[in-house]
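Q: Pasting data-v2.txt below, which is compact mmCIF, C-alpha atoms.
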# COMPACT_ATOMS: atom_id res chain seq x y z
CA MET A 1 -1.97 -13.47 7.68
CA ALA A 2 -3.95 -14.61 4.69
CA GLU A 3 -3.18 -17.73 2.71
CA THR A 4 -3.87 -18.42 -0.92
CA SER A 5 -6.22 -21.14 0.37
CA ASP A 6 -8.44 -18.29 1.61
CA LEU A 7 -9.11 -17.32 -1.98
CA SER A 8 -11.78 -18.75 -4.27
CA LEU A 9 -11.00 -21.88 -6.27
CA LEU A 10 -11.14 -19.83 -9.46
CA LEU A 11 -8.60 -17.35 -8.17
CA ARG A 12 -6.33 -20.03 -6.76
CA THR A 13 -6.33 -21.78 -10.14
CA PHE A 14 -5.51 -18.49 -11.86
CA LEU A 15 -2.68 -17.79 -9.43
CA LYS A 16 -1.14 -21.22 -9.98
CA THR A 17 0.02 -20.29 -13.47
CA TYR A 18 0.27 -16.52 -13.05
CA ARG A 19 3.55 -15.04 -14.22
CA TRP A 20 4.71 -13.04 -11.24
CA ARG A 21 6.91 -10.13 -12.13
CA ARG A 22 9.99 -9.25 -10.23
CA ILE A 23 12.77 -6.75 -10.76
CA GLU A 24 16.34 -7.92 -10.66
CA PRO A 25 18.48 -6.84 -9.00
CA VAL A 26 16.16 -5.82 -6.18
CA PRO A 27 15.96 -2.02 -6.33
CA MET A 28 17.06 -0.42 -3.10
CA THR A 29 17.59 3.11 -1.92
CA ALA A 30 19.05 3.57 1.52
CA LEU A 31 17.53 5.99 3.98
CA VAL A 32 19.99 8.82 4.57
CA LYS A 33 18.15 10.78 7.23
CA PRO A 34 16.42 9.85 10.47
CA LEU A 35 12.73 8.98 10.24
CA ALA A 36 11.94 12.03 12.35
CA ARG A 37 13.08 14.20 9.45
CA CYS A 38 11.49 12.25 6.63
CA ARG A 39 8.58 13.27 4.45
CA VAL A 40 6.29 10.26 4.04
CA ALA A 41 3.68 9.44 1.41
CA LEU A 42 1.16 6.62 1.14
CA VAL A 43 0.44 4.59 -1.97
CA SER A 44 -2.71 2.56 -1.50
CA SER A 45 -4.39 0.00 -3.75
CA ALA A 46 -7.72 0.14 -1.93
CA GLY A 47 -9.39 1.88 -4.88
CA PHE A 48 -10.30 5.05 -2.97
CA VAL A 49 -11.45 8.17 -4.79
CA VAL A 50 -12.14 11.68 -3.56
CA PRO A 51 -15.88 12.39 -3.92
CA GLY A 52 -16.40 14.08 -7.27
CA ASP A 53 -13.33 12.52 -8.93
CA PRO A 54 -13.95 9.88 -11.62
CA PRO A 55 -14.33 6.40 -10.13
CA PHE A 56 -12.03 3.55 -11.05
CA ASP A 57 -13.53 1.64 -13.97
CA PRO A 58 -14.20 -2.04 -13.23
CA ARG A 59 -14.71 -2.72 -16.95
CA VAL A 60 -11.08 -2.06 -17.93
CA ARG A 61 -9.71 -5.42 -18.99
CA GLY A 62 -6.77 -6.42 -16.86
CA GLY A 63 -7.62 -3.77 -14.31
CA ASP A 64 -7.86 0.04 -14.26
CA TYR A 65 -4.26 1.22 -14.04
CA SER A 66 -5.06 4.90 -13.49
CA TYR A 67 -4.34 6.63 -10.21
CA ARG A 68 -5.93 9.30 -8.08
CA ILE A 69 -4.26 11.90 -5.93
CA ILE A 70 -5.37 12.16 -2.33
CA ALA A 71 -4.30 15.43 -0.73
CA ALA A 72 -2.82 15.36 2.76
CA THR A 73 -5.78 17.49 3.85
CA ALA A 74 -8.39 15.03 2.52
CA ASP A 75 -11.25 13.92 4.73
CA VAL A 76 -10.27 10.26 4.74
CA GLU A 77 -13.57 8.91 5.98
CA ARG A 78 -15.40 10.53 3.04
CA LEU A 79 -13.30 8.76 0.41
CA GLU A 80 -15.33 6.48 -1.82
CA GLU A 81 -14.27 2.89 -2.38
CA HIS A 82 -14.31 1.52 -5.92
CA HIS A 83 -12.37 -1.73 -5.55
CA ARG A 84 -13.66 -4.43 -7.89
CA SER A 85 -12.39 -7.51 -6.05
CA ASP A 86 -14.65 -9.93 -4.23
CA SER A 87 -11.65 -11.70 -2.73
CA PHE A 88 -11.73 -9.82 0.52
CA ASP A 89 -14.18 -8.61 3.10
CA HIS A 90 -14.80 -4.92 2.29
CA GLY A 91 -16.39 -4.39 5.70
CA GLY A 92 -13.16 -3.20 7.24
CA VAL A 93 -12.46 -0.35 4.82
CA GLU A 94 -16.17 0.50 4.71
CA ALA A 95 -16.11 1.02 8.47
CA ASP A 96 -12.76 2.86 8.48
CA ARG A 97 -11.06 4.19 5.36
CA ASN A 98 -7.81 4.54 7.29
CA LEU A 99 -7.55 0.78 7.05
CA GLY A 100 -6.80 1.17 3.33
CA LEU A 101 -5.19 4.60 3.36
CA PRO A 102 -3.96 5.40 6.90
CA LEU A 103 -3.58 9.12 6.32
CA ASP A 104 -5.00 10.16 9.69
CA ARG A 105 -2.56 7.76 11.34
CA LEU A 106 0.29 9.35 9.41
CA HIS A 107 -0.74 12.78 10.69
CA GLU A 108 -0.72 11.36 14.22
CA LEU A 109 2.77 9.97 13.72
CA GLU A 110 3.90 13.38 12.50
CA ALA A 111 2.40 15.03 15.58
CA ALA A 112 4.22 12.48 17.75
CA GLY A 113 7.53 13.26 16.04
CA ALA A 114 7.87 9.73 14.63
CA ILE A 115 8.14 11.11 11.11
CA GLY A 116 9.18 14.53 9.83
CA GLU A 117 6.07 15.36 7.89
CA VAL A 118 3.17 14.03 5.91
CA ALA A 119 3.70 14.48 2.15
CA PRO A 120 1.31 16.91 0.44
CA ARG A 121 0.02 14.28 -2.02
CA HIS A 122 -0.75 10.59 -1.66
CA VAL A 123 -1.69 8.07 -4.28
CA SER A 124 -4.67 5.79 -4.65
CA LEU A 125 -4.64 2.91 -7.08
CA MET A 126 -7.00 0.13 -7.95
CA GLY A 127 -6.00 -3.36 -6.88
CA SER A 128 -6.68 -6.72 -8.54
CA ILE A 129 -4.75 -5.67 -11.60
CA THR A 130 -4.21 -8.95 -13.40
CA ALA A 131 -2.40 -7.38 -16.36
CA PRO A 132 0.13 -5.07 -14.70
CA GLY A 133 2.18 -4.19 -17.78
CA ARG A 134 0.61 -0.76 -18.25
CA LEU A 135 0.76 -0.11 -14.51
CA ALA A 136 4.47 -0.89 -14.50
CA ALA A 137 5.28 0.95 -17.74
CA HIS A 138 3.19 4.09 -17.27
CA THR A 139 1.51 4.52 -13.91
CA ALA A 140 4.36 3.57 -11.61
CA PRO A 141 6.95 5.90 -13.21
CA GLU A 142 4.43 8.74 -13.24
CA VAL A 143 3.59 8.19 -9.57
CA ALA A 144 7.28 8.00 -8.72
CA ARG A 145 7.92 11.30 -10.53
CA LEU A 146 5.02 12.94 -8.71
CA LEU A 147 6.31 11.83 -5.32
CA ALA A 148 9.89 12.78 -6.23
CA ALA A 149 8.68 16.24 -7.28
CA ASP A 150 7.15 16.54 -3.80
CA GLU A 151 10.54 15.56 -2.32
CA VAL A 152 9.11 12.49 -0.63
CA ASP A 153 11.71 10.51 1.30
CA ILE A 154 9.60 7.42 2.03
CA ALA A 155 6.67 5.88 0.16
CA LEU A 156 4.68 3.28 2.11
CA LEU A 157 2.67 0.84 0.01
CA VAL A 158 -0.59 -0.38 1.50
CA PRO A 159 -2.47 -3.17 -0.25
CA VAL A 160 -5.94 -4.29 0.70
CA MET B 161 13.06 7.43 -2.46
CA VAL B 162 12.80 4.61 0.01
CA THR B 163 9.86 2.23 -0.15
CA ALA B 164 8.32 -0.43 2.07
CA SER B 165 5.10 -2.38 1.69
CA ILE B 166 2.64 -4.32 3.78
CA THR B 167 1.70 -7.83 2.71
CA MET B 168 -1.06 -10.16 3.83
CA LEU B 169 0.06 -12.88 1.42
CA PRO B 170 3.75 -13.43 2.21
CA ALA B 171 3.91 -16.55 0.02
CA ILE B 172 3.24 -14.35 -3.01
CA THR B 173 5.45 -11.50 -1.81
CA HIS B 174 8.26 -14.04 -1.46
CA LYS B 175 8.01 -14.68 -5.22
CA ILE B 176 7.99 -10.99 -6.18
CA ARG B 177 10.84 -9.89 -3.91
CA PRO B 178 10.12 -6.21 -3.32
CA PRO B 179 12.88 -4.48 -1.36
CA ARG B 180 11.11 -4.32 2.00
CA ALA B 181 7.87 -6.00 3.02
CA LEU B 182 6.14 -6.35 6.36
CA SER B 183 4.01 -9.48 6.67
CA VAL B 184 0.98 -8.85 8.86
CA PRO B 185 -1.18 -11.52 10.53
CA PHE B 186 -4.43 -10.00 9.32
CA PRO B 187 -6.93 -11.19 6.73
CA LEU B 188 -7.25 -9.69 3.27
CA GLY B 189 -9.03 -6.38 3.50
CA PHE B 190 -7.45 -5.54 6.87
CA PRO B 191 -3.86 -4.46 6.15
CA LEU B 192 -3.65 -2.20 9.20
CA GLY B 193 -5.31 -4.74 11.48
CA GLU B 194 -8.70 -3.50 12.56
CA PRO B 195 -11.06 -0.71 11.64
CA ASN B 196 -11.30 2.09 14.18
CA ASN B 197 -8.31 0.82 16.13
CA PRO B 198 -5.89 3.74 15.73
CA ALA B 199 -3.37 2.39 18.23
CA LEU B 200 -2.96 -0.88 16.31
CA GLN B 201 -2.88 0.93 12.97
CA ARG B 202 -0.13 3.23 14.23
CA ARG B 203 1.84 0.23 15.50
CA VAL B 204 1.71 -1.37 12.06
CA LEU B 205 2.84 1.87 10.42
CA ARG B 206 5.68 2.29 12.91
CA ALA B 207 6.83 -1.25 12.19
CA LEU B 208 6.67 -0.55 8.46
CA LEU B 209 8.64 2.69 8.88
CA GLN B 210 11.22 0.85 10.94
CA ARG B 211 11.79 -1.52 8.00
CA THR B 212 12.72 1.44 5.76
CA GLN B 213 15.93 1.73 7.76
CA ARG B 214 17.04 -1.73 6.62
CA THR B 215 19.31 -2.22 3.63
CA ASP B 216 19.48 -6.04 3.62
CA VAL B 217 17.01 -6.40 0.77
CA PRO B 218 14.88 -8.19 -0.19
CA LEU B 219 13.47 -8.12 3.30
CA LEU B 220 10.29 -9.95 4.25
CA SER B 221 9.75 -9.81 7.98
CA GLU B 222 6.81 -10.36 10.27
CA PHE B 223 4.89 -7.82 12.26
CA GLY B 224 5.28 -8.78 15.91
CA PRO B 225 2.71 -8.94 18.72
Please go through the file and, once you have read it, give me the structure as structure tokens.
A:
Amino acid sequence: MAETSDLSLLLRTFLKTYRWRRIEPVPMTALVKPLARCRVALVSSAGFVVPGDPPFDPRVRGGDYSYRIIAATADVERLEEHHRSDSFDHGGVEADRNLGLPLDRLHELEAAGAIGEVAPRHVSLMGSITAPGRLAAHTAPEVARLLAADEVDIALLVPV
Amino acid sequence: MVTASITMLPAITHKIRPPRALSVPFPLGFPLGEPNNPALQRRVLRALLQRTQRTDVPLLSEFGP
């Protein structure tokens, strides 16, 4: 696992006084069907964009809180990475986009019967959002509505 | 809708308390373990899916060997 000591001194100093947000009580929905009948979606913060879609904007103060839709039929390895952080080695996701958005792996789990089906739409976000207010107030509810409209049973969140 | 997340920084996840988090022993940038290692990536996803069946939240558990 990573440790905060892996991060730059600047980032560690920033994190020391950062006001982490939490939701109380902890929101929880119980699974009511077996995994093998569940529709599963991915929500990734690897900053991936379908070629031709507008890139995430690294100039947005506090972080670009927009999202992109990645169709279940997307060619994962052709997704473009627009993550602004220098806190991690991008070599992994550059070599294999599934590391940040494991859509091909999800298809394989569907084929193996481990899940019911891959959701039609998946969500790509930017990470390193230091001012998450707009993400929480606007983006997250919109993404949740989108996934609910697709009758998604399970959303798996993948950071990078 | 049920959610579960991967974390590579469990010390921070512990402060945020999402409902279900899977702590993985991989460095930042490698949430599913290794590039071009589909077997490992599927194992991580299976472990994450397994956590969605838990209701004892907030749950922060480790991905095993």
Q: Could you please select, counting only C-alpha atoms, the residues of chain B within 8 Å of chain A and state them as a PDB file with C-alpha atoms, in the frame of the given file?
A:
ATOM      1  CA  MET B 161      13.060   7.430  -2.460  1.00  0.00           C
ATOM      2  CA  VAL B 162      12.800   4.610   0.010  1.00  0.00           C
ATOM      3  CA  THR B 163       9.860   2.230  -0.150  1.00  0.00           C
ATOM      4  CA  ALA B 164       8.320  -0.430   2.070  1.00  0.00           C
ATOM      5  CA  SER B 165       5.100  -2.380   1.690  1.00  0.00           C
ATOM      6  CA  ILE B 166       2.640  -4.320   3.780  1.00  0.00           C
ATOM      7  CA  THR B 167       1.700  -7.830   2.710  1.00  0.00           C
ATOM      8  CA  MET B 168      -1.060 -10.160   3.830  1.00  0.00           C
ATOM      9  CA  LEU B 169       0.060 -12.880   1.420  1.00  0.00           C
ATOM     10  CA  PRO B 170       3.750 -13.430   2.210  1.00  0.00           C
ATOM     11  CA  ALA B 171       3.910 -16.550   0.020  1.00  0.00           C
ATOM     12  CA  LYS B 175       8.010 -14.680  -5.220  1.00  0.00           C
ATOM     13  CA  ILE B 176       7.990 -10.990  -6.180  1.00  0.00           C
ATOM     14  CA  ARG B 177      10.840  -9.890  -3.910  1.00  0.00           C
ATOM     15  CA  PRO B 178      10.120  -6.210  -3.320  1.00  0.00           C
ATOM     16  CA  PRO B 179      12.880  -4.480  -1.360  1.00  0.00           C
ATOM     17  CA  SER B 183       4.010  -9.480   6.670  1.00  0.00           C
ATOM     18  CA  VAL B 184       0.980  -8.850   8.860  1.00  0.00           C
ATOM     19  CA  PRO B 185      -1.180 -11.520  10.530  1.00  0.00           C
ATOM     20  CA  PHE B 186      -4.430 -10.000   9.320  1.00  0.00           C
ATOM     21  CA  PRO B 187      -6.930 -11.190   6.730  1.00  0.00           C
ATOM     22  CA  LEU B 188      -7.250  -9.690   3.270  1.00  0.00           C
ATOM     23  CA  GLY B 189      -9.030  -6.380   3.500  1.00  0.00           C
ATOM     24  CA  PHE B 190      -7.450  -5.540   6.870  1.00  0.00           C
ATOM     25  CA  PRO B 191      -3.860  -4.460   6.150  1.00  0.00           C
ATOM     26  CA  LEU B 192      -3.650  -2.200   9.200  1.00  0.00           C
ATOM     27  CA  GLY B 193      -5.310  -4.740  11.480  1.00  0.00           C
ATOM     28  CA  GLU B 194      -8.700  -3.500  12.560  1.00  0.00           C
ATOM     29  CA  PRO B 195     -11.060  -0.710  11.640  1.00  0.00           C
ATOM     30  CA  ASN B 196     -11.300   2.090  14.180  1.00  0.00           C
ATOM     31  CA  PRO B 198      -5.890   3.740  15.730  1.00  0.00           C
ATOM     32  CA  GLN B 201      -2.880   0.930  12.970  1.00  0.00           C
ATOM     33  CA  ARG B 202      -0.130   3.230  14.230  1.00  0.00           C
ATOM     34  CA  LEU B 205       2.840   1.870  10.420  1.00  0.00           C
ATOM     35  CA  ARG B 206       5.680   2.290  12.910  1.00  0.00           C
ATOM     36  CA  LEU B 208       6.670  -0.550   8.460  1.00  0.00           C
ATOM     37  CA  LEU B 209       8.640   2.690   8.880  1.00  0.00           C
ATOM     38  CA  THR B 212      12.720   1.440   5.760  1.00  0.00           C
ATOM     39  CA  GLN B 213      15.930   1.730   7.760  1.00  0.00           C
ATOM     40  CA  ARG B 214      17.040  -1.730   6.620  1.00  0.00           C
ATOM     41  CA  THR B 215      19.310  -2.220   3.630  1.00  0.00           C
ATOM     42  CA  VAL B 217      17.010  -6.400   0.770  1.00  0.00           C
ATOM     43  CA  PRO B 218      14.880  -8.190  -0.190  1.00  0.00           C
TER      44      PRO B 218
END
Q: Rounded to one decimal place, report the CA of Tyr65 in chain A-CA of Glu117 in chain A distance in Å.
A: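 Between CA of Tyr65 in chain A and CA of Glu117 in chain A the gap works out to 28.1 Å.
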Q: When you draw a straight line from CA of Ala71 in chain A to CA of Ala137 in chain A, how long is it in Å?
A: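 Straight-line distance from CA of Ala71 in chain A to CA of Ala137 in chain A works out to 24.3 Å.
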Q: Any idea what's packed within 12 Å of Ala149 in chain A, counting only C-alpha atoms, ignoring anything in its chain fewer than 6 positions away? Could you give it as a list in words?
A: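 Skipping anything fewer than 6 positions along the chain leaves Ala119, Pro120, Arg121, Glu142 and Val143 of chain A; Met161 of chain B.
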Q: Residues as selected, C-alpha atoms, written as a CSV table (one decimal), in the frame of the given file, can you do that?
A:
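In the end it all went to selection38.csv:
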chain,number,residue,atom,x,y,z
A,119,ALA,CA,3.7,14.5,2.2
A,120,PRO,CA,1.3,16.9,0.4
A,121,ARG,CA,0.0,14.3,-2.0
A,142,GLU,CA,4.4,8.7,-13.2
A,143,VAL,CA,3.6,8.2,-9.6
B,161,MET,CA,13.1,7.4,-2.5
Q: Rounded to one decimal, what separation in Å do you get between CA of Gln210 in chain B and CA of Asn197 in chain B?
A: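 Atom-to-atom, CA of Gln210 in chain B to CA of Asn197 in chain B, that is 20.2 Å.
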Q: Residues within 12 Å of Gly52 in chain A, please, as an NGL selection string. Count all atoms listed in the file; anything in the same chain fewer than 6 positions from it doesn't count.
A: :A and (68 or 78-80)
